[in-house]
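Shown next: model30.txt, given as compact mmCIF, C-alpha atoms.
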# COMPACT_ATOMS: atom_id res chain seq x y z
CA MET Q 231 30.82 -8.96 -11.88
CA TRP Q 232 33.73 -7.26 -10.21
CA PRO Q 233 33.88 -3.55 -9.33
CA SER Q 234 37.00 -1.66 -10.28
CA GLY Q 235 36.81 0.53 -7.21
CA SER Q 236 34.19 1.85 -4.78
CA GLU Q 237 31.55 2.90 -7.28
CA THR Q 238 27.94 2.73 -6.20
CA ALA Q 239 25.15 1.31 -8.32
CA PRO Q 240 21.63 2.49 -7.42
CA ALA Q 241 19.65 -0.36 -5.89
CA GLY Q 242 17.42 -2.02 -8.46
CA ALA Q 243 18.89 0.00 -11.32
CA PRO Q 244 18.62 -1.61 -14.78
CA VAL Q 245 21.73 -3.17 -16.27
CA ARG Q 246 23.69 -0.68 -18.38
CA LEU Q 247 26.33 -2.10 -20.65
CA ALA Q 248 29.49 -0.64 -22.14
CA VAL Q 249 31.97 -2.38 -24.40
CA VAL Q 250 35.54 -1.43 -25.22
CA GLY Q 251 36.09 -2.59 -28.78
CA ASN Q 252 36.47 -1.60 -32.38
CA PRO Q 253 33.03 -0.20 -33.35
CA GLU Q 254 33.10 -1.64 -36.86
CA ASN Q 255 34.02 -5.14 -35.67
CA ARG Q 256 31.45 -7.93 -35.85
CA ARG Q 257 32.27 -8.93 -32.27
CA VAL Q 258 30.87 -5.62 -31.05
CA THR Q 259 27.88 -5.91 -33.38
CA LEU Q 260 27.04 -9.43 -32.20
CA PHE Q 261 27.28 -8.43 -28.54
CA ALA Q 262 25.04 -5.39 -29.14
CA ASP Q 263 22.53 -7.58 -31.00
CA ALA Q 264 22.43 -9.98 -28.04
CA ALA Q 265 21.85 -7.12 -25.60
CA ARG Q 266 18.96 -5.74 -27.62
CA ALA Q 267 17.45 -9.22 -28.02
CA ALA Q 268 17.44 -9.51 -24.22
CA GLY Q 269 15.52 -6.23 -23.93
CA LEU Q 270 18.52 -4.13 -22.88
CA PRO Q 271 19.65 -0.85 -24.41
CA ALA Q 272 22.50 -1.15 -26.89
CA PRO Q 273 25.87 -1.00 -25.12
CA ARG Q 274 27.84 2.22 -25.11
CA VAL Q 275 30.85 1.54 -27.34
CA VAL Q 276 34.21 2.98 -26.34
CA PRO Q 277 36.70 2.56 -29.23
CA TRP Q 278 40.07 1.04 -28.51
CA GLU Q 279 41.64 3.78 -30.61
CA ARG Q 280 40.30 6.41 -28.23
CA VAL Q 281 41.43 4.42 -25.18
CA LEU Q 282 44.94 4.11 -26.57
CA ARG Q 283 45.22 7.75 -27.61
CA ASP Q 284 43.75 9.05 -24.33
CA ARG Q 285 45.61 6.49 -22.21
CA GLY Q 286 42.42 5.27 -20.61
CA ALA Q 287 38.69 5.84 -20.33
CA SER Q 288 36.10 6.37 -17.58
CA PHE Q 289 32.87 4.51 -16.98
CA ALA Q 290 29.77 5.49 -15.07
CA VAL Q 291 28.76 4.19 -11.68
CA GLY Q 292 27.16 0.78 -12.10
CA GLU Q 293 28.02 0.55 -15.80
CA THR Q 294 28.86 -3.07 -16.67
CA VAL Q 295 31.98 -3.06 -18.84
CA ARG Q 296 33.00 -5.75 -21.32
CA LEU Q 297 36.39 -5.70 -23.05
CA ASP Q 298 36.50 -7.10 -26.55
CA SER Q 299 39.34 -7.87 -28.90
CA PRO Q 300 41.35 -4.92 -30.26
CA GLY Q 301 42.16 -6.93 -33.40
CA GLU Q 302 41.24 -6.43 -37.06
CA ASN Q 303 41.76 -2.66 -37.01
CA PRO Q 304 44.97 -1.41 -38.70
CA GLU Q 305 45.18 1.85 -36.76
CA VAL Q 306 44.64 0.14 -33.40
CA ASP Q 307 47.25 -2.43 -34.38
CA ARG Q 308 49.67 0.37 -35.23
CA LEU Q 309 49.08 2.03 -31.86
CA LEU Q 310 49.68 -1.27 -30.07
CA ARG Q 311 52.55 -2.77 -32.07
CA GLY Q 312 54.11 0.29 -33.61
CA ALA Q 313 54.02 -1.34 -37.07
CA ARG Q 314 52.39 0.32 -40.06
CA ASP Q 315 51.94 -3.01 -41.82
CA SER Q 316 49.38 -5.09 -39.90
CA THR Q 317 50.50 -8.26 -41.71
CA ARG Q 318 53.90 -8.20 -39.96
CA VAL Q 319 54.47 -10.81 -37.26
CA GLU Q 320 56.99 -8.93 -35.14
CA GLY Q 321 55.99 -6.59 -32.31
CA SER Q 322 53.89 -8.84 -30.05
CA ALA Q 323 55.86 -7.93 -26.91
CA LEU Q 324 55.23 -4.23 -27.53
CA TRP Q 325 51.56 -5.06 -28.24
CA TYR Q 326 51.32 -6.87 -24.92
CA GLY Q 327 52.87 -4.09 -22.86
CA ARG Q 328 50.69 -1.39 -24.40
CA PHE Q 329 47.54 -3.53 -24.14
CA VAL Q 330 48.10 -4.24 -20.45
CA ARG Q 331 48.74 -0.56 -19.75
CA ALA Q 332 45.61 0.43 -21.69
CA VAL Q 333 43.48 -1.98 -19.65
CA ALA Q 334 44.98 -0.58 -16.45
CA GLY Q 335 43.94 2.91 -17.61
CA LEU Q 336 40.23 2.05 -17.59
CA ARG Q 337 38.48 3.65 -14.63
CA GLY Q 338 35.12 3.00 -12.97
CA GLY Q 339 32.35 0.66 -13.89
CA VAL Q 340 31.93 -3.00 -13.04
CA ARG Q 341 34.19 -5.26 -15.10
CA LEU Q 342 33.45 -8.55 -16.84
CA ASP Q 343 37.20 -8.98 -17.47
CA ASP Q 344 39.81 -8.75 -14.73
CA PRO Q 345 42.93 -6.72 -15.66
CA GLY Q 346 45.33 -8.99 -13.79
CA GLU Q 347 43.85 -12.13 -15.31
CA LEU Q 348 43.99 -10.63 -18.79
CA ALA Q 349 47.71 -10.02 -18.28
CA VAL Q 350 48.13 -13.73 -17.55
CA LEU Q 351 45.86 -14.92 -20.36
CA PHE Q 352 47.89 -12.96 -22.91
CA ASP Q 353 51.19 -14.45 -21.73
CA LYS Q 354 51.29 -18.13 -22.72
CA ARG Q 355 54.15 -18.84 -20.33
CA ARG Q 356 52.32 -17.42 -17.31
CA CYS Q 357 49.02 -18.98 -18.34
CA HIS Q 358 50.63 -22.42 -18.71
CA THR Q 359 52.20 -22.03 -15.26
CA VAL Q 360 48.85 -21.17 -13.65
CA LEU Q 361 47.09 -24.09 -15.33
CA ALA Q 362 49.80 -26.59 -14.38
CA ALA Q 363 49.76 -25.40 -10.76
CA ALA Q 364 46.02 -26.10 -10.66
CA ASP Q 365 46.57 -29.66 -11.98
CA VAL Q 366 44.87 -28.84 -15.27
CA PRO Q 367 46.34 -31.23 -17.89
CA VAL Q 368 48.63 -29.30 -20.24
CA PRO Q 369 51.39 -30.27 -22.67
CA PHE Q 370 54.84 -30.26 -21.13
CA SER Q 371 56.54 -26.89 -21.52
CA PRO Q 372 60.15 -26.14 -20.61
CA THR Q 373 59.53 -22.38 -20.82
CA SER Q 374 56.98 -22.09 -17.99
CA GLY Q 375 57.17 -22.58 -14.25
CA PRO Q 376 59.92 -21.76 -11.75
CA ASP Q 377 62.60 -23.61 -13.73
CA ALA Q 378 61.69 -22.12 -17.09
CA ALA Q 379 64.36 -22.26 -19.73
CA ALA Q 380 65.45 -19.02 -21.35
CA VAL Q 381 65.02 -19.05 -25.12
CA SER Q 382 66.86 -16.34 -27.01
CA GLY Q 383 66.96 -17.98 -30.42
CA TRP Q 384 67.13 -21.14 -32.49
CA ASP Q 385 70.22 -22.51 -30.74
CA ASP Q 386 68.26 -22.55 -27.46
CA VAL Q 387 65.32 -24.28 -29.13
CA ARG Q 388 67.66 -26.96 -30.46
CA ALA Q 389 69.11 -27.40 -26.97
CA VAL Q 390 65.61 -27.80 -25.48
CA MET Q 391 64.74 -30.39 -28.12
CA ARG Q 392 67.86 -32.34 -27.22
CA ASP Q 393 67.81 -31.97 -23.42
CA HIS Q 394 64.11 -32.72 -23.01
CA ARG Q 395 63.89 -35.33 -25.76
CA MET Q 396 61.36 -33.32 -27.72
CA PRO Q 397 61.76 -34.23 -31.40
CA ARG Q 398 58.37 -32.59 -32.06
CA LEU Q 399 57.34 -29.32 -30.46
CA PHE Q 400 55.43 -26.12 -31.00
CA VAL Q 401 57.27 -22.82 -30.94
CA LYS Q 402 54.84 -20.03 -30.10
CA LEU Q 403 55.04 -16.30 -29.52
CA ALA Q 404 54.49 -15.76 -25.81
CA HIS Q 405 51.99 -13.00 -26.59
CA GLY Q 406 50.71 -14.21 -29.94
CA SER Q 407 47.16 -15.00 -31.02
CA SER Q 408 45.35 -16.59 -33.98
CA ALA Q 409 48.37 -18.84 -34.64
CA SER Q 410 50.52 -15.81 -35.49
CA GLY Q 411 54.16 -16.82 -35.29
CA VAL Q 412 53.44 -20.47 -34.43
CA LEU Q 413 55.80 -23.12 -35.80
CA ALA Q 414 55.18 -26.85 -35.53
CA VAL Q 415 58.74 -28.20 -35.58
CA GLU Q 416 59.68 -31.85 -36.05
CA SER Q 417 63.00 -33.59 -36.44
CA SER Q 418 63.78 -37.08 -37.69
CA GLY Q 419 66.32 -39.58 -36.42
CA ARG Q 420 68.51 -38.64 -39.38
CA GLY Q 421 68.58 -35.01 -38.30
CA ARG Q 422 66.15 -33.74 -40.92
CA LEU Q 423 63.97 -30.83 -39.85
CA ARG Q 424 60.60 -29.50 -40.90
CA ALA Q 425 58.62 -26.52 -39.62
CA THR Q 426 54.97 -25.99 -40.51
CA THR Q 427 53.79 -22.42 -40.05
CA SER Q 428 51.75 -19.56 -41.47
CA VAL Q 429 54.82 -17.30 -41.24
CA GLU Q 430 56.15 -16.06 -44.56
CA LEU Q 431 59.87 -15.31 -44.49
CA ALA Q 432 60.69 -12.47 -46.87
CA PRO Q 433 64.08 -12.33 -48.65
CA ASP Q 434 65.11 -9.39 -46.46
CA GLY Q 435 64.34 -11.35 -43.26
CA ARG Q 436 61.04 -9.70 -42.39
CA LEU Q 437 58.21 -11.94 -41.24
CA PHE Q 438 54.61 -11.75 -42.44
CA ASN Q 439 51.42 -13.49 -41.40
CA SER Q 440 49.91 -15.43 -44.26
CA LEU Q 441 46.72 -17.37 -44.82
CA LYS Q 442 48.83 -19.99 -46.57
CA VAL Q 443 50.43 -22.64 -44.38
CA ARG Q 444 54.03 -23.23 -45.41
CA ARG Q 445 56.61 -25.90 -44.73
CA TYR Q 446 60.28 -25.03 -44.28
CA GLU Q 447 62.84 -27.83 -44.41
CA ARG Q 448 66.09 -25.87 -44.51
CA GLU Q 449 67.44 -25.33 -41.01
CA ALA Q 450 68.84 -21.93 -41.97
CA GLU Q 451 65.34 -20.68 -42.82
CA ILE Q 452 63.79 -22.14 -39.67
CA ALA Q 453 66.56 -20.61 -37.59
CA ALA Q 454 66.07 -17.23 -39.26
CA ILE Q 455 62.35 -17.23 -38.38
CA VAL Q 456 62.88 -18.30 -34.77
CA ASP Q 457 65.74 -15.82 -34.26
CA ALA Q 458 63.54 -13.01 -35.57
CA LEU Q 459 60.67 -14.00 -33.27
CA ALA Q 460 62.74 -14.58 -30.14
CA PRO Q 461 63.05 -10.91 -29.00
CA ASP Q 462 59.26 -10.87 -28.52
CA GLY Q 463 59.44 -13.89 -26.20
CA LEU Q 464 58.89 -17.56 -27.02
CA HIS Q 465 56.86 -20.35 -25.43
CA LEU Q 466 57.70 -23.96 -26.25
CA GLU Q 467 55.36 -26.93 -25.86
CA ARG Q 468 55.61 -30.64 -26.52
CA TRP Q 469 53.67 -31.53 -29.67
CA LEU Q 470 51.02 -34.03 -28.59
CA PRO Q 471 49.68 -36.40 -31.26
CA LYS Q 472 46.06 -35.36 -31.80
CA ALA Q 473 42.97 -37.41 -32.38
CA SER Q 474 41.51 -37.16 -35.84
CA GLN Q 475 38.19 -36.87 -37.63
CA ARG Q 476 37.88 -38.08 -41.21
CA GLY Q 477 41.64 -38.31 -41.45
CA ARG Q 478 42.27 -34.73 -40.29
CA PRO Q 479 43.81 -33.70 -36.94
CA ALA Q 480 41.12 -32.34 -34.64
CA ASP Q 481 40.80 -30.26 -31.50
CA LEU Q 482 38.00 -28.41 -29.74
CA ARG Q 483 37.25 -24.81 -28.85
CA VAL Q 484 35.05 -24.81 -25.75
CA VAL Q 485 33.54 -21.55 -24.49
CA VAL Q 486 33.07 -21.32 -20.73
CA VAL Q 487 30.66 -18.64 -19.47
CA ASP Q 488 30.34 -17.93 -15.76
CA GLY Q 489 31.99 -21.23 -14.89
CA ARG Q 490 29.97 -23.47 -17.22
CA ALA Q 491 30.96 -24.94 -20.56
CA THR Q 492 28.23 -23.56 -22.79
CA HIS Q 493 29.44 -23.93 -26.40
CA ALA Q 494 31.82 -26.23 -28.21
CA VAL Q 495 33.05 -26.69 -31.73
CA VAL Q 496 35.36 -29.28 -33.26
CA ARG Q 497 38.07 -27.82 -35.50
CA THR Q 498 39.83 -29.98 -38.06
CA GLY Q 499 42.72 -28.99 -40.30
CA ARG Q 500 45.01 -30.10 -43.05
CA SER Q 501 48.01 -29.05 -40.95
CA PRO Q 502 48.92 -29.09 -37.25
CA MET Q 503 47.17 -25.69 -36.95
CA THR Q 504 43.39 -26.13 -36.98
CA ASN Q 505 42.51 -22.43 -36.92
CA LEU Q 506 39.55 -21.80 -39.19
CA HIS Q 507 41.21 -18.83 -40.92
CA LEU Q 508 44.12 -21.10 -41.92
CA GLY Q 509 41.98 -23.55 -43.83
CA GLY Q 510 40.53 -25.42 -40.87
CA SER Q 511 36.88 -26.34 -40.83
CA ARG Q 512 34.24 -27.17 -38.27
CA GLY Q 513 34.03 -30.88 -37.53
CA ASP Q 514 31.27 -33.09 -36.18
CA LEU Q 515 30.68 -32.49 -32.47
CA ASP Q 516 28.32 -35.46 -32.14
CA ALA Q 517 30.97 -37.71 -33.66
CA ALA Q 518 33.55 -36.38 -31.18
CA ARG Q 519 31.21 -37.10 -28.27
CA GLU Q 520 30.58 -40.61 -29.59
CA ALA Q 521 34.33 -41.19 -29.99
CA VAL Q 522 34.93 -40.20 -26.37
CA GLU Q 523 32.23 -42.56 -25.15
CA ALA Q 524 33.43 -45.39 -27.40
CA ALA Q 525 36.87 -44.99 -25.82
CA GLY Q 526 35.32 -45.45 -22.37
CA GLY Q 527 35.18 -41.80 -21.40
CA ARG Q 528 32.41 -39.43 -20.42
CA TRP Q 529 31.64 -36.25 -22.34
CA ALA Q 530 30.83 -34.48 -19.08
CA ASP Q 531 34.39 -35.14 -17.91
CA VAL Q 532 35.76 -33.61 -21.11
CA LEU Q 533 33.79 -30.41 -20.50
CA ALA Q 534 34.85 -30.47 -16.85
CA VAL Q 535 38.50 -30.15 -17.91
CA CYS Q 536 37.60 -26.89 -19.66
CA GLU Q 537 35.67 -25.65 -16.64
CA ARG Q 538 38.67 -26.40 -14.43
CA ALA Q 539 40.85 -24.33 -16.76
CA ALA Q 540 38.37 -21.44 -16.70
CA ALA Q 541 38.20 -21.65 -12.89
CA CYS Q 542 41.83 -20.50 -12.83
CA PHE Q 543 40.47 -17.12 -13.98
CA PRO Q 544 37.44 -16.65 -11.70
CA ARG Q 545 37.11 -12.90 -12.26
CA THR Q 546 36.76 -13.19 -16.04
CA LEU Q 547 33.21 -13.94 -17.20
CA CYS Q 548 34.02 -15.77 -20.44
CA VAL Q 549 37.02 -17.61 -21.88
CA GLY Q 550 37.58 -19.89 -24.86
CA VAL Q 551 39.49 -23.07 -24.03
CA ASP Q 552 41.46 -24.89 -26.73
CA LEU Q 553 41.24 -28.57 -25.81
CA LEU Q 554 43.60 -31.09 -27.40
CA PRO Q 555 42.29 -34.67 -27.64
CA ALA Q 556 45.04 -37.28 -27.77
CA THR Q 557 44.98 -40.06 -30.32
CA GLY Q 558 42.04 -42.34 -29.57
CA TRP Q 559 39.99 -39.64 -27.79
CA ARG Q 560 40.95 -41.04 -24.37
CA ARG Q 561 43.02 -38.21 -22.91
CA PHE Q 562 42.82 -34.44 -23.18
CA ALA Q 563 45.08 -31.48 -22.51
CA VAL Q 564 44.44 -27.76 -22.50
CA GLY Q 565 46.47 -26.03 -25.17
CA GLU Q 566 45.46 -22.44 -24.47
CA VAL Q 567 42.88 -20.32 -22.67
CA ASN Q 568 41.74 -17.36 -24.76
CA ALA Q 569 40.33 -14.15 -23.33
CA PHE Q 570 38.55 -13.34 -26.59
CA GLY Q 571 37.71 -16.87 -27.68
CA ASP Q 572 33.94 -16.48 -28.08
CA LEU Q 573 33.64 -15.56 -31.77
CA LEU Q 574 31.66 -18.57 -32.96
CA PRO Q 575 28.82 -17.09 -35.03
CA ARG Q 576 25.52 -18.95 -35.19
CA LEU Q 577 26.67 -21.61 -32.72
CA THR Q 578 24.08 -22.29 -30.02
CA GLY Q 579 24.57 -23.71 -26.55
CA LEU Q 580 25.25 -27.29 -25.56
CA PRO Q 581 22.39 -29.44 -24.26
CA GLY Q 582 22.16 -29.13 -20.48
CA SER Q 583 24.42 -26.06 -20.40
CA GLY Q 584 21.69 -23.55 -19.65
CA ALA Q 585 22.56 -21.79 -22.90
CA GLU Q 586 20.43 -23.88 -25.24
CA GLY Q 587 19.26 -21.74 -28.16
CA LEU Q 588 21.67 -18.92 -27.26
CA ASP Q 589 24.83 -17.93 -29.09
CA THR Q 590 27.98 -17.15 -27.12
CA TYR Q 591 27.10 -13.47 -26.74
CA ALA Q 592 23.51 -14.09 -25.67
CA ALA Q 593 24.82 -16.58 -23.09
CA GLN Q 594 27.05 -13.87 -21.62
CA ILE Q 595 24.19 -11.38 -21.50
CA ALA Q 596 22.07 -14.01 -19.70
CA ALA Q 597 24.90 -14.51 -17.18
CA VAL Q 598 25.16 -10.77 -16.56
CA LEU Q 599 21.41 -10.58 -15.89
CA ARG Q 600 21.57 -13.57 -13.51
CA ARG Q 601 24.36 -11.97 -11.56
CA ALA Q 602 22.48 -8.70 -11.31
CA THR Q 603 19.23 -10.23 -10.06
CA ASP Q 604 20.14 -13.38 -8.10
CA PRO Q 605 21.29 -12.61 -4.52
CA SER Q 606 22.46 -16.23 -4.14
CA HIS Q 607 24.88 -15.98 -7.06
CA PRO Q 608 28.53 -16.09 -5.95
CA HIS Q 609 29.24 -12.84 -7.82
CA HIS Q 610 26.04 -10.96 -7.03
CA GLN Q 611 26.54 -7.26 -6.26
CA TYR Q 612 25.11 -5.82 -3.08
CA ARG Q 613 25.12 -2.43 -1.39
CA THR Q 614 26.52 -1.75 2.06
CA GLU Q 615 25.38 1.06 4.32
CA THR Q 616 28.29 3.12 3.01
CA GLY Q 617 27.05 2.67 -0.54
CA THR Q 618 30.13 0.80 -1.70
CA THR Q 619 29.56 -1.81 -4.42
CA HIS Q 620 30.95 -5.21 -3.46
CA VAL Q 621 30.88 -8.75 -4.70
CA SER Q 622 29.90 -11.54 -2.35
CA ALA Q 623 32.50 -14.24 -1.82

Translate the structure of the given file into structure tokens.
Amino acid sequence: MWPSGSETAPAGAPVRLAVVGNPENRRVTLFADAARAAGLPAPRVVPWERVLRDRGASFAVGETVRLDSPGENPEVDRLLRGARDSTRVEGSALWYGRFVRAVAGLRGGVRLDDPGELAVLFDKRRCHTVLAAADVPVPFSPTSGPDAAAVSGWDDVRAVMRDHRMPRLFVKLAHGSSASGVLAVESSGRGRLRATTSVELAPDGRLFNSLKVRRYEREAEIAAIVDALAPDGLHLERWLPKASQRGRPADLRVVVVDGRATHAVVRTGRSPMTNLHLGGSRGDLDAAREAVEAAGGRWADVLAVCERAAACFPRTLCVGVDLLPATGWRRFAVGEVNAFGDLLPRLTGLPGSGAEGLDTYAAQIAAVLRRATDPSHPHHQYRTETGTTHVSA
């Protein structure tokens, strides 16, 4: 755990939890259930709406603070994006700026999420740059790193496709989540184009998130979508051919808690986007493990890739890593690292992970308790003679 300042926690004091979230959200409920199951008092809930209206919040000395997703609340979404219709796609850059400022306005307590790392995790371009610099395998991206290409619209995307020989690529909102604003674009040798996306293009040019995956084949429509998204910032990635399960493209969401890969789920889809809310479904994890081993790989090495990605964010307790298996299950790349990627209800920990029998929230509670009680833990808190709370290196 990492102190936000020089707060002092009484020696031997019991763990007190607080969570910044939307009180009605199941994420908050599941975390509170896990705390109570571990014998801890229910966390104090600080609503995101209050944080945004008050431009911050204060936490007590020694209070352990978890930040949870501000999503799925129309009023919070309005305060962050400035849009009264929560189904609209536009506004992610404004969302990002206001979210980062809100996190910076939190005072006191001991954080489970680092503000600076959150700012990177919610910018796909910066996150990709950090991962690549750490030699974590990632898809090639011309929009990250020191020589990043500027993308102001569809003409720039077309130029990137030509200059980098990328006939298939993903166009993503730099600050998007849950596949909002993602287009899987492919071009043929004859110049034909197709974009697969959950974006609905209205006749007046407005963009809406939809649970229906659509395919656009007219370049004018694809250009209109990309041009409307571009002011919020775009991240481009090479589209890697994925491995499959039962004829459906597959990837993995791996949750890493306190440096260890604790939970994993295979996601399969009928489209390039495997998100469960877009018609994806959970696949067979045992079959994925067997496919890796049949291809000559080791499952432990697959999980190690995710742990290496999480190690790029050492001051954030939990992340969800989207891992992309290449055709044949021989090679893997990290697609994204998600700050709030732990919503996997009823999924228990991997064998040998230390989280067997625990869901993702219970695993995080267990990690918090280990840190609070184990002096040998790298992030154990201790008190100096001045009473300042520190974290051992």

Next on the checklist: Residues within 10 Å of region 263-268 of chain Q, please, as a ChimeraX atom specification. Count all atoms listed in the file; anything in the same chain fewer than 2 positions from it doesn't count.
Outcome noted: /Q:246-247,257-261,270-273,588-596,599

Checklist entry - Neighbours of Ser288 (chain Q) within 10 Å (all atoms listed in the file; same-chain residues fewer than 2 positions away dropped), as a ChimeraX atom specification? => result /Q:276,281,286,290-291,335-339

Within 12 Å of region 383-405 of chain Q, which residues of region 295-352 of chain Q show up? Give each one with its shortest atom-to-atom distance in Å (one decimal) and the two atoms involved, counting all atoms listed in the file, rows by chain then rising residue number, as JSON lines.
{"residue": "Q:Arg311", "atom": "CA", "partner": "Q:His405", "partner_atom": "CA", "distance": 11.6}
{"residue": "Q:Val319", "atom": "CA", "partner": "Q:Leu403", "partner_atom": "CA", "distance": 9.5}
{"residue": "Q:Glu320", "atom": "CA", "partner": "Q:Leu403", "partner_atom": "CA", "distance": 9.5}
{"residue": "Q:Gly321", "atom": "CA", "partner": "Q:His405", "partner_atom": "CA", "distance": 9.5}
{"residue": "Q:Ser322", "atom": "CA", "partner": "Q:His405", "partner_atom": "CA", "distance": 5.7}
{"residue": "Q:Ala323", "atom": "CA", "partner": "Q:His405", "partner_atom": "CA", "distance": 6.4}
{"residue": "Q:Leu324", "atom": "CA", "partner": "Q:His405", "partner_atom": "CA", "distance": 9.4}
{"residue": "Q:Trp325", "atom": "CA", "partner": "Q:His405", "partner_atom": "CA", "distance": 8.1}
{"residue": "Q:Tyr326", "atom": "CA", "partner": "Q:His405", "partner_atom": "CA", "distance": 6.4}
{"residue": "Q:Gly327", "atom": "CA", "partner": "Q:His405", "partner_atom": "CA", "distance": 9.7}
{"residue": "Q:Arg328", "atom": "CA", "partner": "Q:His405", "partner_atom": "CA", "distance": 11.9}
{"residue": "Q:Phe329", "atom": "CA", "partner": "Q:His405", "partner_atom": "CA", "distance": 10.7}
{"residue": "Q:Val330", "atom": "CA", "partner": "Q:His405", "partner_atom": "CA", "distance": 11.4}
{"residue": "Q:Leu348", "atom": "CA", "partner": "Q:His405", "partner_atom": "CA", "distance": 11.4}
{"residue": "Q:Ala349", "atom": "CA", "partner": "Q:His405", "partner_atom": "CA", "distance": 9.8}
{"residue": "Q:Val350", "atom": "CA", "partner": "Q:His405", "partner_atom": "CA", "distance": 9.9}
{"residue": "Q:Leu351", "atom": "CA", "partner": "Q:His405", "partner_atom": "CA", "distance": 8.9}
{"residue": "Q:Phe352", "atom": "CA", "partner": "Q:His405", "partner_atom": "CA", "distance": 5.5}

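Coordinates place CA of Asp315 (chain Q) at a distance of 9.2 Å from CA of Phe438 (chain Q).
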
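Proximity ranking of Q:Arg274, Q:Val366, Q:Thr426, Q:Val487 relative to Arg545 (chain Q) places Q:Val487 first, based on only C-alpha atoms.
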
Counting all atoms listed in the file, note down every residue that has an atom within 10 Å of the point (52.5, -23.2, -16.3) (file coordinates), as an mmCIF file with C-alpha atoms, in the coordinates of the input.
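The new file part-v2.cif reads:
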data_model
loop_
_atom_site.group_PDB
_atom_site.id
_atom_site.type_symbol
_atom_site.label_atom_id
_atom_site.label_comp_id
_atom_site.auth_asym_id
_atom_site.auth_seq_id
_atom_site.Cartn_x
_atom_site.Cartn_y
_atom_site.Cartn_z
ATOM 1 C CA LYS Q 354 51.290 -18.130 -22.720
ATOM 2 C CA ARG Q 355 54.150 -18.840 -20.330
ATOM 3 C CA ARG Q 356 52.320 -17.420 -17.310
ATOM 4 C CA CYS Q 357 49.020 -18.980 -18.340
ATOM 5 C CA HIS Q 358 50.630 -22.420 -18.710
ATOM 6 C CA THR Q 359 52.200 -22.030 -15.260
ATOM 7 C CA VAL Q 360 48.850 -21.170 -13.650
ATOM 8 C CA LEU Q 361 47.090 -24.090 -15.330
ATOM 9 C CA ALA Q 362 49.800 -26.590 -14.380
ATOM 10 C CA ALA Q 363 49.760 -25.400 -10.760
ATOM 11 C CA ALA Q 364 46.020 -26.100 -10.660
ATOM 12 C CA ASP Q 365 46.570 -29.660 -11.980
ATOM 13 C CA VAL Q 366 44.870 -28.840 -15.270
ATOM 14 C CA VAL Q 368 48.630 -29.300 -20.240
ATOM 15 C CA PRO Q 369 51.390 -30.270 -22.670
ATOM 16 C CA PHE Q 370 54.840 -30.260 -21.130
ATOM 17 C CA SER Q 371 56.540 -26.890 -21.520
ATOM 18 C CA PRO Q 372 60.150 -26.140 -20.610
ATOM 19 C CA THR Q 373 59.530 -22.380 -20.820
ATOM 20 C CA SER Q 374 56.980 -22.090 -17.990
ATOM 21 C CA GLY Q 375 57.170 -22.580 -14.250
ATOM 22 C CA PRO Q 376 59.920 -21.760 -11.750
ATOM 23 C CA ALA Q 378 61.690 -22.120 -17.090
#

Checklist outcome for this item: As a check of understanding: the span from CA of Leu580 (chain Q) to CA of Ala494 (chain Q) is 7.2 Å

Next on the checklist: Need to verify the contact set: Gly477 (chain Q), 12 Å, only C-alpha atoms, exclusion of same-chain residues closer than 2 positions in sequence. Can you return it as a VMD selection string?
Outcome noted: chain Q and resid 472 to 475 479 to 480 498 to 501 513 557
